[in-house]
Amino acid sequence: QVTLVESGGGSVQAGGSLRLSCQTFGYVYVINGINCMGWFRQAPGKEREGVASIYSGGARTSYSESLKGRFTISQDKAKNTVYLQMNSLRPEDPAMYYCAAKDRLTGGCWPNPSEYKYWGQGTQVTVSS
(Lines give C-alpha, C1' and ligand atoms only; values in the text may rest on other atoms or scores of the structure.)
Protein backbone atom coordinates (compact mmCIF):
# COMPACT_ATOMS: atom_id res chain seq x y z
CA GLN A 1 0.00 0.00 0.00
CA VAL A 2 1.34 3.38 -1.01
CA THR A 3 0.88 6.28 1.38
CA LEU A 4 1.95 9.87 0.93
CA VAL A 5 1.98 12.25 3.89
CA GLU A 6 2.35 15.99 3.38
CA SER A 7 3.44 18.43 6.06
CA GLY A 8 4.77 21.95 6.39
CA GLY A 9 1.72 23.95 5.47
CA GLY A 10 0.58 26.89 7.54
CA SER A 11 -0.06 30.59 7.51
CA VAL A 12 2.53 33.08 6.32
CA GLN A 13 2.58 36.72 5.40
CA ALA A 14 2.86 37.75 1.80
CA GLY A 15 6.47 37.68 0.75
CA GLY A 16 7.28 34.91 3.18
CA SER A 17 8.39 31.33 2.60
CA LEU A 18 7.30 27.83 3.43
CA ARG A 19 8.79 24.42 2.77
CA LEU A 20 6.39 21.57 2.25
CA SER A 21 7.43 17.97 2.73
CA CYS A 22 5.95 14.78 1.36
CA GLN A 23 7.09 11.51 2.85
CA THR A 24 6.23 8.33 1.01
CA PHE A 25 5.58 4.91 2.47
CA GLY A 26 5.43 1.75 0.43
CA TYR A 27 6.21 3.53 -2.82
CA VAL A 28 8.34 1.23 -4.88
CA TYR A 29 10.30 3.06 -7.48
CA VAL A 30 8.79 2.44 -10.85
CA ILE A 31 11.76 1.18 -12.81
CA ASN A 32 15.29 0.70 -11.51
CA GLY A 33 14.98 3.35 -8.87
CA ILE A 34 13.41 5.89 -11.16
CA ASN A 35 10.21 7.60 -10.22
CA CYS A 36 8.11 10.64 -10.90
CA MET A 37 6.50 12.74 -8.20
CA GLY A 38 4.73 16.04 -8.24
CA TRP A 39 3.18 18.83 -6.22
CA PHE A 40 -0.26 20.19 -6.99
CA ARG A 41 -2.61 22.71 -5.46
CA GLN A 42 -6.30 23.37 -5.37
CA ALA A 43 -7.99 26.53 -4.20
CA PRO A 44 -11.70 26.60 -3.27
CA GLY A 45 -13.86 26.63 -6.37
CA LYS A 46 -10.95 25.99 -8.68
CA GLU A 47 -9.58 22.97 -10.45
CA ARG A 48 -6.52 21.20 -9.19
CA GLU A 49 -3.45 22.55 -10.93
CA GLY A 50 0.07 21.30 -11.33
CA VAL A 51 2.84 23.10 -9.49
CA ALA A 52 5.99 21.08 -10.14
CA SER A 53 7.25 17.59 -10.84
CA ILE A 54 10.54 15.79 -10.41
CA TYR A 55 11.89 12.89 -12.42
CA SER A 56 14.43 11.22 -10.21
CA GLY A 57 16.18 9.28 -12.96
CA GLY A 58 17.97 12.41 -14.02
CA ALA A 59 16.81 14.74 -11.31
CA ARG A 60 14.90 16.64 -13.97
CA THR A 61 12.28 19.07 -12.78
CA SER A 62 9.32 20.75 -14.41
CA TYR A 63 7.29 23.71 -13.22
CA SER A 64 4.13 25.55 -13.94
CA GLU A 65 5.24 28.56 -15.96
CA SER A 66 3.46 30.95 -13.62
CA LEU A 67 5.34 29.61 -10.58
CA LYS A 68 8.77 29.08 -12.01
CA GLY A 69 11.36 31.07 -10.13
CA ARG A 70 9.48 31.17 -6.84
CA PHE A 71 8.93 27.47 -6.16
CA THR A 72 11.55 24.71 -6.12
CA ILE A 73 10.94 20.97 -6.00
CA SER A 74 13.58 18.59 -4.70
CA GLN A 75 13.88 15.02 -3.53
CA ASP A 76 15.80 13.16 -0.84
CA LYS A 77 15.66 9.51 -1.81
CA ALA A 78 17.32 8.37 1.41
CA LYS A 79 14.43 9.89 3.35
CA ASN A 80 11.78 8.94 0.78
CA THR A 81 10.75 12.58 0.83
CA VAL A 82 9.96 15.21 -1.76
CA TYR A 83 10.05 18.88 -0.87
CA LEU A 84 8.51 22.05 -2.25
CA GLN A 85 10.27 25.25 -1.29
CA MET A 86 7.94 28.20 -1.78
CA ASN A 87 9.37 31.71 -1.68
CA SER A 88 7.86 35.15 -2.16
CA LEU A 89 4.41 33.82 -1.41
CA ARG A 90 1.57 35.89 -2.79
CA PRO A 91 -2.10 36.38 -1.88
CA GLU A 92 -3.04 34.19 -4.89
CA ASP A 93 -1.02 31.20 -3.61
CA PRO A 94 -3.31 29.97 -0.80
CA ALA A 95 -4.64 26.51 -1.50
CA MET A 96 -4.55 22.93 -0.36
CA TYR A 97 -1.24 21.56 -1.57
CA TYR A 98 -0.98 17.90 -2.50
CA CYS A 99 1.86 15.64 -3.45
CA ALA A 100 1.36 12.73 -5.78
CA ALA A 101 3.26 9.90 -7.40
CA LYS A 102 2.98 8.19 -10.74
CA ASP A 103 2.90 4.43 -11.10
CA ARG A 104 4.39 4.44 -14.58
CA LEU A 105 6.67 6.61 -16.64
CA THR A 106 4.76 6.66 -19.90
CA GLY A 107 4.02 10.20 -20.92
CA GLY A 108 7.04 11.61 -19.18
CA CYS A 109 7.08 13.40 -15.86
CA TRP A 110 5.02 16.57 -15.99
CA PRO A 111 2.78 18.19 -13.38
CA ASN A 112 -0.42 16.99 -15.02
CA PRO A 113 -2.79 15.83 -12.25
CA SER A 114 -4.59 13.25 -14.38
CA GLU A 115 -1.42 11.20 -14.81
CA TYR A 116 -0.80 10.57 -11.11
CA LYS A 117 -2.13 7.56 -9.27
CA TYR A 118 -1.16 8.03 -5.62
CA TRP A 119 -2.17 11.12 -3.66
CA GLY A 120 -1.65 12.48 -0.20
CA GLN A 121 -4.31 14.16 1.92
CA GLY A 122 -2.91 17.63 1.41
CA THR A 123 -1.55 20.40 3.55
CA GLN A 124 -3.16 23.83 3.76
CA VAL A 125 -1.27 26.99 2.88
CA THR A 126 -2.66 30.42 3.67
CA VAL A 127 -1.09 33.79 2.90
CA SER A 128 -2.02 37.00 4.62
CA SER A 129 -1.45 40.37 3.05
# chains A, B, ... in the order shown; residues from 1 in each chain; ligands from 1
call {"tool": "residues_around", "arguments": {"residues": "A:Leu20", "least_positions_apart": "3", "cutoff": "8 Å", "atoms": "only C-alpha atoms", "output": "list of chain:residue names"}}
result
A:Glu6, A:Ser7, A:Gly8, A:Gly9, A:Tyr83, A:Leu84, A:Gln85, A:Met86
call {"tool": "closest_residue", "arguments": {"among": "A:Pro44, A:Ile54, A:Glu49, A:Tyr27", "to": "A:Val82", "atoms": "only C-alpha atoms"}}
result
A:Ile54
call {"tool": "select_by_dssp", "arguments": {"residues": "stretch 6-128 of chain A", "states": "strand (DSSP E)", "output": "MDAnalysis selection string"}}
result
chainID A and resid 6:7 10:13 18:25 36:42 49:55 60:63 71:76 81:86 95:101 118:119 123:128
call {"tool": "closest_residue", "arguments": {"among": "A:Met96, A:Cys36, A:Val51, A:Leu4", "to": "A:Phe71", "atoms": "only C-alpha atoms"}}
result
A:Val51
call {"tool": "residues_around", "arguments": {"residues": "A:Ala14", "least_positions_apart": "6", "cutoff": "10 Å", "atoms": "only C-alpha atoms", "output": "VMD selection string"}}
result
chain A and resid 87 to 93 126 to 129
call {"tool": "write_last_selection", "arguments": {"atoms": "all heavy atoms", "output": "JSON list (two decimals), in the first residue's frame"}}
result
[["chain", "number", "residue", "atom", "x", "y", "z"],
["A", 87, "ASN", "N", 8.87, 30.39, -2.08],
["A", 87, "ASN", "CA", 9.37, 31.71, -1.68],
["A", 87, "ASN", "C", 8.49, 32.80, -2.26],
["A", 87, "ASN", "O", 7.73, 32.59, -3.21],
["A", 87, "ASN", "CB", 10.81, 31.89, -2.16],
["A", 87, "ASN", "CG", 11.76, 30.89, -1.55],
["A", 87, "ASN", "OD1", 11.60, 30.47, -0.40],
["A", 87, "ASN", "ND2", 12.76, 30.50, -2.32],
["A", 88, "SER", "N", 8.60, 33.98, -1.68],
["A", 88, "SER", "CA", 7.86, 35.15, -2.16],
["A", 88, "SER", "C", 6.38, 34.82, -2.33],
["A", 88, "SER", "O", 5.78, 35.11, -3.38],
["A", 88, "SER", "CB", 8.45, 35.65, -3.49],
["A", 88, "SER", "OG", 9.82, 35.96, -3.35],
["A", 89, "LEU", "N", 5.81, 34.22, -1.32],
["A", 89, "LEU", "CA", 4.41, 33.82, -1.41],
["A", 89, "LEU", "C", 3.50, 35.03, -1.60],
["A", 89, "LEU", "O", 3.73, 36.10, -1.02],
["A", 89, "LEU", "CB", 4.01, 33.02, -0.18],
["A", 89, "LEU", "CG", 4.54, 31.58, -0.20],
["A", 89, "LEU", "CD1", 4.50, 30.97, 1.19],
["A", 89, "LEU", "CD2", 3.73, 30.74, -1.18],
["A", 90, "ARG", "N", 2.47, 34.82, -2.41],
["A", 90, "ARG", "CA", 1.57, 35.89, -2.79],
["A", 90, "ARG", "C", 0.15, 35.60, -2.34],
["A", 90, "ARG", "O", -0.19, 34.43, -2.08],
["A", 90, "ARG", "CB", 1.59, 36.05, -4.31],
["A", 90, "ARG", "CG", 2.95, 36.39, -4.88],
["A", 90, "ARG", "CD", 2.93, 36.32, -6.40],
["A", 90, "ARG", "NE", 4.24, 36.65, -6.97],
["A", 90, "ARG", "CZ", 4.54, 36.52, -8.25],
["A", 90, "ARG", "NH1", 3.61, 36.08, -9.11],
["A", 90, "ARG", "NH2", 5.74, 36.85, -8.70],
["A", 91, "PRO", "N", -0.70, 36.61, -2.29],
["A", 91, "PRO", "CA", -2.10, 36.38, -1.88],
["A", 91, "PRO", "C", -2.83, 35.38, -2.77],
["A", 91, "PRO", "O", -3.84, 34.81, -2.34],
["A", 91, "PRO", "CB", -2.71, 37.78, -2.00],
["A", 91, "PRO", "CG", -1.57, 38.71, -1.76],
["A", 91, "PRO", "CD", -0.38, 38.04, -2.40],
["A", 92, "GLU", "N", -2.36, 35.15, -4.00],
["A", 92, "GLU", "CA", -3.04, 34.19, -4.89],
["A", 92, "GLU", "C", -2.53, 32.76, -4.72],
["A", 92, "GLU", "O", -3.00, 31.85, -5.39],
["A", 92, "GLU", "CB", -2.86, 34.59, -6.36],
["A", 92, "GLU", "CG", -1.42, 34.66, -6.84],
["A", 92, "GLU", "CD", -0.84, 36.06, -6.78],
["A", 92, "GLU", "OE1", -1.24, 36.82, -5.88],
["A", 92, "GLU", "OE2", 0.01, 36.38, -7.63],
["A", 93, "ASP", "N", -1.56, 32.54, -3.81],
["A", 93, "ASP", "CA", -1.02, 31.20, -3.61],
["A", 93, "ASP", "C", -1.78, 30.32, -2.61],
["A", 93, "ASP", "O", -1.55, 29.11, -2.60],
["A", 93, "ASP", "CB", 0.44, 31.30, -3.15],
["A", 93, "ASP", "CG", 1.37, 31.80, -4.24],
["A", 93, "ASP", "OD1", 1.15, 31.43, -5.41],
["A", 93, "ASP", "OD2", 2.29, 32.56, -3.91],
["A", 126, "THR", "N", -1.95, 29.15, 3.71],
["A", 126, "THR", "CA", -2.66, 30.42, 3.67],
["A", 126, "THR", "C", -1.64, 31.55, 3.68],
["A", 126, "THR", "O", -0.57, 31.44, 4.28],
["A", 126, "THR", "CB", -3.62, 30.58, 4.86],
["A", 126, "THR", "OG1", -2.86, 30.46, 6.08],
["A", 126, "THR", "CG2", -4.70, 29.51, 4.84],
["A", 127, "VAL", "N", -1.97, 32.63, 3.01],
["A", 127, "VAL", "CA", -1.09, 33.79, 2.90],
["A", 127, "VAL", "C", -1.87, 35.03, 3.26],
["A", 127, "VAL", "O", -2.93, 35.29, 2.68],
["A", 127, "VAL", "CB", -0.52, 33.92, 1.47],
["A", 127, "VAL", "CG1", 0.41, 35.13, 1.38],
["A", 127, "VAL", "CG2", 0.22, 32.66, 1.06],
["A", 128, "SER", "N", -1.36, 35.76, 4.21],
["A", 128, "SER", "CA", -2.02, 37.00, 4.62],
["A", 128, "SER", "C", -1.28, 38.19, 4.04],
["A", 128, "SER", "O", -0.06, 38.21, 3.95],
["A", 128, "SER", "CB", -2.07, 37.09, 6.15],
["A", 128, "SER", "OG", -0.75, 37.04, 6.68],
["A", 129, "SER", "N", -2.06, 39.18, 3.65],
["A", 129, "SER", "CA", -1.45, 40.37, 3.05],
["A", 129, "SER", "C", -1.16, 41.44, 4.09],
["A", 129, "SER", "O", -1.58, 41.33, 5.23],
["A", 129, "SER", "CB", -2.36, 40.93, 1.96],
["A", 129, "SER", "OG", -3.63, 41.20, 2.50]]
call {"tool": "atom_distance", "arguments": {"atom1": "atom CA of A:Gly26", "atom2": "atom CA of A:Thr81"}}
result
12.1 Å
call {"tool": "atom_distance", "arguments": {"atom1": "atom CA of A:Gly120", "atom2": "atom CA of A:Cys22"}}
result
8.1 Å
call {"tool": "select_by_dssp", "arguments": {"residues": "stretch 41-126 of chain A", "states": "helix (DSSP H, G or I)", "output": "VMD selection string"}}
result
chain A and resid 77 to 79 113 to 115
call {"tool": "closest_residue", "arguments": {"among": "A:Val5, A:Ala95, A:Ala78, A:Cys109", "to": "A:Ala52", "atoms": "only C-alpha atoms"}}
result
A:Cys109
call {"tool": "atom_distance", "arguments": {"atom1": "atom CA of A:Glu47", "atom2": "atom CA of A:Lys77"}}
result
29.9 Å
call {"tool": "decode", "arguments": {"residues": "stretch 72-88 of chain A", "atoms": "all heavy atoms", "output": "short mmCIF file (atom, residue, chain, number, x, y, z; two decimals), in the first residue's frame"}}
result
data_model
loop_
_atom_site.label_atom_id
_atom_site.label_comp_id
_atom_site.auth_asym_id
_atom_site.auth_seq_id
_atom_site.Cartn_x
_atom_site.Cartn_y
_atom_site.Cartn_z
N THR A 72 10.51 25.68 -5.76
CA THR A 72 11.55 24.71 -6.12
C THR A 72 11.20 23.35 -5.56
O THR A 72 10.94 23.22 -4.37
CB THR A 72 12.91 25.14 -5.58
OG1 THR A 72 13.25 26.44 -6.06
CG2 THR A 72 14.00 24.16 -6.02
N ILE A 73 11.19 22.34 -6.43
CA ILE A 73 10.94 20.97 -6.00
C ILE A 73 12.27 20.24 -5.89
O ILE A 73 13.18 20.46 -6.69
CB ILE A 73 9.99 20.25 -6.99
CG1 ILE A 73 9.55 18.90 -6.43
CG2 ILE A 73 10.62 20.11 -8.37
CD1 ILE A 73 8.45 18.23 -7.26
N SER A 74 12.37 19.38 -4.88
CA SER A 74 13.58 18.59 -4.70
C SER A 74 13.21 17.27 -4.05
O SER A 74 12.08 17.08 -3.58
CB SER A 74 14.60 19.35 -3.84
OG SER A 74 14.08 19.61 -2.55
N GLN A 75 14.17 16.36 -4.04
CA GLN A 75 13.88 15.02 -3.53
C GLN A 75 15.07 14.50 -2.75
O GLN A 75 16.22 14.68 -3.16
CB GLN A 75 13.57 14.09 -4.71
CG GLN A 75 13.15 12.70 -4.33
CD GLN A 75 12.79 11.87 -5.56
OE1 GLN A 75 13.40 11.98 -6.60
NE2 GLN A 75 11.75 11.05 -5.44
N ASP A 76 14.79 13.85 -1.63
CA ASP A 76 15.80 13.16 -0.84
C ASP A 76 15.40 11.69 -0.83
O ASP A 76 14.52 11.28 -0.08
CB ASP A 76 15.85 13.73 0.58
CG ASP A 76 16.99 13.12 1.40
OD1 ASP A 76 17.41 11.99 1.10
OD2 ASP A 76 17.44 13.77 2.34
N LYS A 77 16.05 10.91 -1.69
CA LYS A 77 15.66 9.51 -1.81
C LYS A 77 15.93 8.75 -0.53
O LYS A 77 15.19 7.84 -0.16
CB LYS A 77 16.41 8.86 -2.97
CG LYS A 77 15.81 9.14 -4.32
CD LYS A 77 16.43 8.20 -5.35
CE LYS A 77 15.77 8.32 -6.69
NZ LYS A 77 16.30 7.36 -7.67
N ALA A 78 16.99 9.08 0.17
CA ALA A 78 17.32 8.37 1.41
C ALA A 78 16.22 8.51 2.45
O ALA A 78 16.01 7.64 3.28
CB ALA A 78 18.64 8.88 1.96
N LYS A 79 15.51 9.64 2.39
CA LYS A 79 14.43 9.89 3.35
C LYS A 79 13.06 9.64 2.72
O LYS A 79 12.04 9.88 3.37
CB LYS A 79 14.50 11.32 3.84
CG LYS A 79 15.75 11.64 4.65
CD LYS A 79 15.74 13.07 5.16
CE LYS A 79 16.98 13.37 5.99
NZ LYS A 79 16.98 14.77 6.50
N ASN A 80 13.05 9.17 1.48
CA ASN A 80 11.78 8.94 0.78
C ASN A 80 10.88 10.18 0.86
O ASN A 80 9.68 10.08 1.11
CB ASN A 80 11.04 7.73 1.38
CG ASN A 80 11.78 6.44 1.15
OD1 ASN A 80 12.39 6.24 0.11
ND2 ASN A 80 11.74 5.57 2.14
N THR A 81 11.47 11.32 0.64
CA THR A 81 10.75 12.58 0.83
C THR A 81 10.98 13.51 -0.34
O THR A 81 12.09 13.61 -0.86
CB THR A 81 11.19 13.26 2.14
OG1 THR A 81 10.95 12.38 3.24
CG2 THR A 81 10.44 14.56 2.37
N VAL A 82 9.91 14.16 -0.74
CA VAL A 82 9.96 15.21 -1.76
C VAL A 82 9.59 16.52 -1.10
O VAL A 82 8.69 16.57 -0.26
CB VAL A 82 8.99 14.89 -2.92
CG1 VAL A 82 8.95 16.04 -3.91
CG2 VAL A 82 9.42 13.62 -3.63
N TYR A 83 10.26 17.57 -1.49
CA TYR A 83 10.05 18.88 -0.87
C TYR A 83 9.55 19.90 -1.91
O TYR A 83 9.81 19.76 -3.11
CB TYR A 83 11.35 19.41 -0.27
CG TYR A 83 11.97 18.50 0.75
CD1 TYR A 83 12.98 17.62 0.39
CD2 TYR A 83 11.53 18.51 2.06
CE1 TYR A 83 13.56 16.77 1.32
CE2 TYR A 83 12.11 17.67 3.01
CZ TYR A 83 13.11 16.80 2.63
OH TYR A 83 13.67 15.97 3.56
N LEU A 84 8.86 20.90 -1.42
CA LEU A 84 8.51 22.05 -2.25
C LEU A 84 8.85 23.31 -1.46
O LEU A 84 8.20 23.61 -0.46
CB LEU A 84 7.02 22.04 -2.62
CG LEU A 84 6.60 23.18 -3.55
CD1 LEU A 84 7.20 22.98 -4.94
CD2 LEU A 84 5.08 23.27 -3.65
N GLN A 85 9.89 23.98 -1.89
CA GLN A 85 10.27 25.25 -1.29
C GLN A 85 9.51 26.36 -1.99
O GLN A 85 9.61 26.52 -3.21
CB GLN A 85 11.77 25.48 -1.43
CG GLN A 85 12.25 26.80 -0.86
CD GLN A 85 12.12 26.88 0.65
OE1 GLN A 85 12.43 25.91 1.35
NE2 GLN A 85 11.66 28.02 1.15
N MET A 86 8.75 27.13 -1.22
CA MET A 86 7.94 28.20 -1.78
C MET A 86 8.42 29.53 -1.22
O MET A 86 8.37 29.74 0.00
CB MET A 86 6.46 27.97 -1.44
CG MET A 86 5.94 26.61 -1.85
SD MET A 86 4.16 26.44 -1.61
CE MET A 86 4.06 26.58 0.17
N ASN A 87 8.87 30.39 -2.08
CA ASN A 87 9.37 31.71 -1.68
C ASN A 87 8.49 32.80 -2.26
O ASN A 87 7.73 32.59 -3.21
CB ASN A 87 10.81 31.89 -2.16
CG ASN A 87 11.76 30.89 -1.55
OD1 ASN A 87 11.60 30.47 -0.40
ND2 ASN A 87 12.76 30.50 -2.32
N SER A 88 8.60 33.98 -1.68
CA SER A 88 7.86 35.15 -2.16
C SER A 88 6.38 34.82 -2.33
O SER A 88 5.78 35.11 -3.38
CB SER A 88 8.45 35.65 -3.49
OG SER A 88 9.82 35.96 -3.35
#
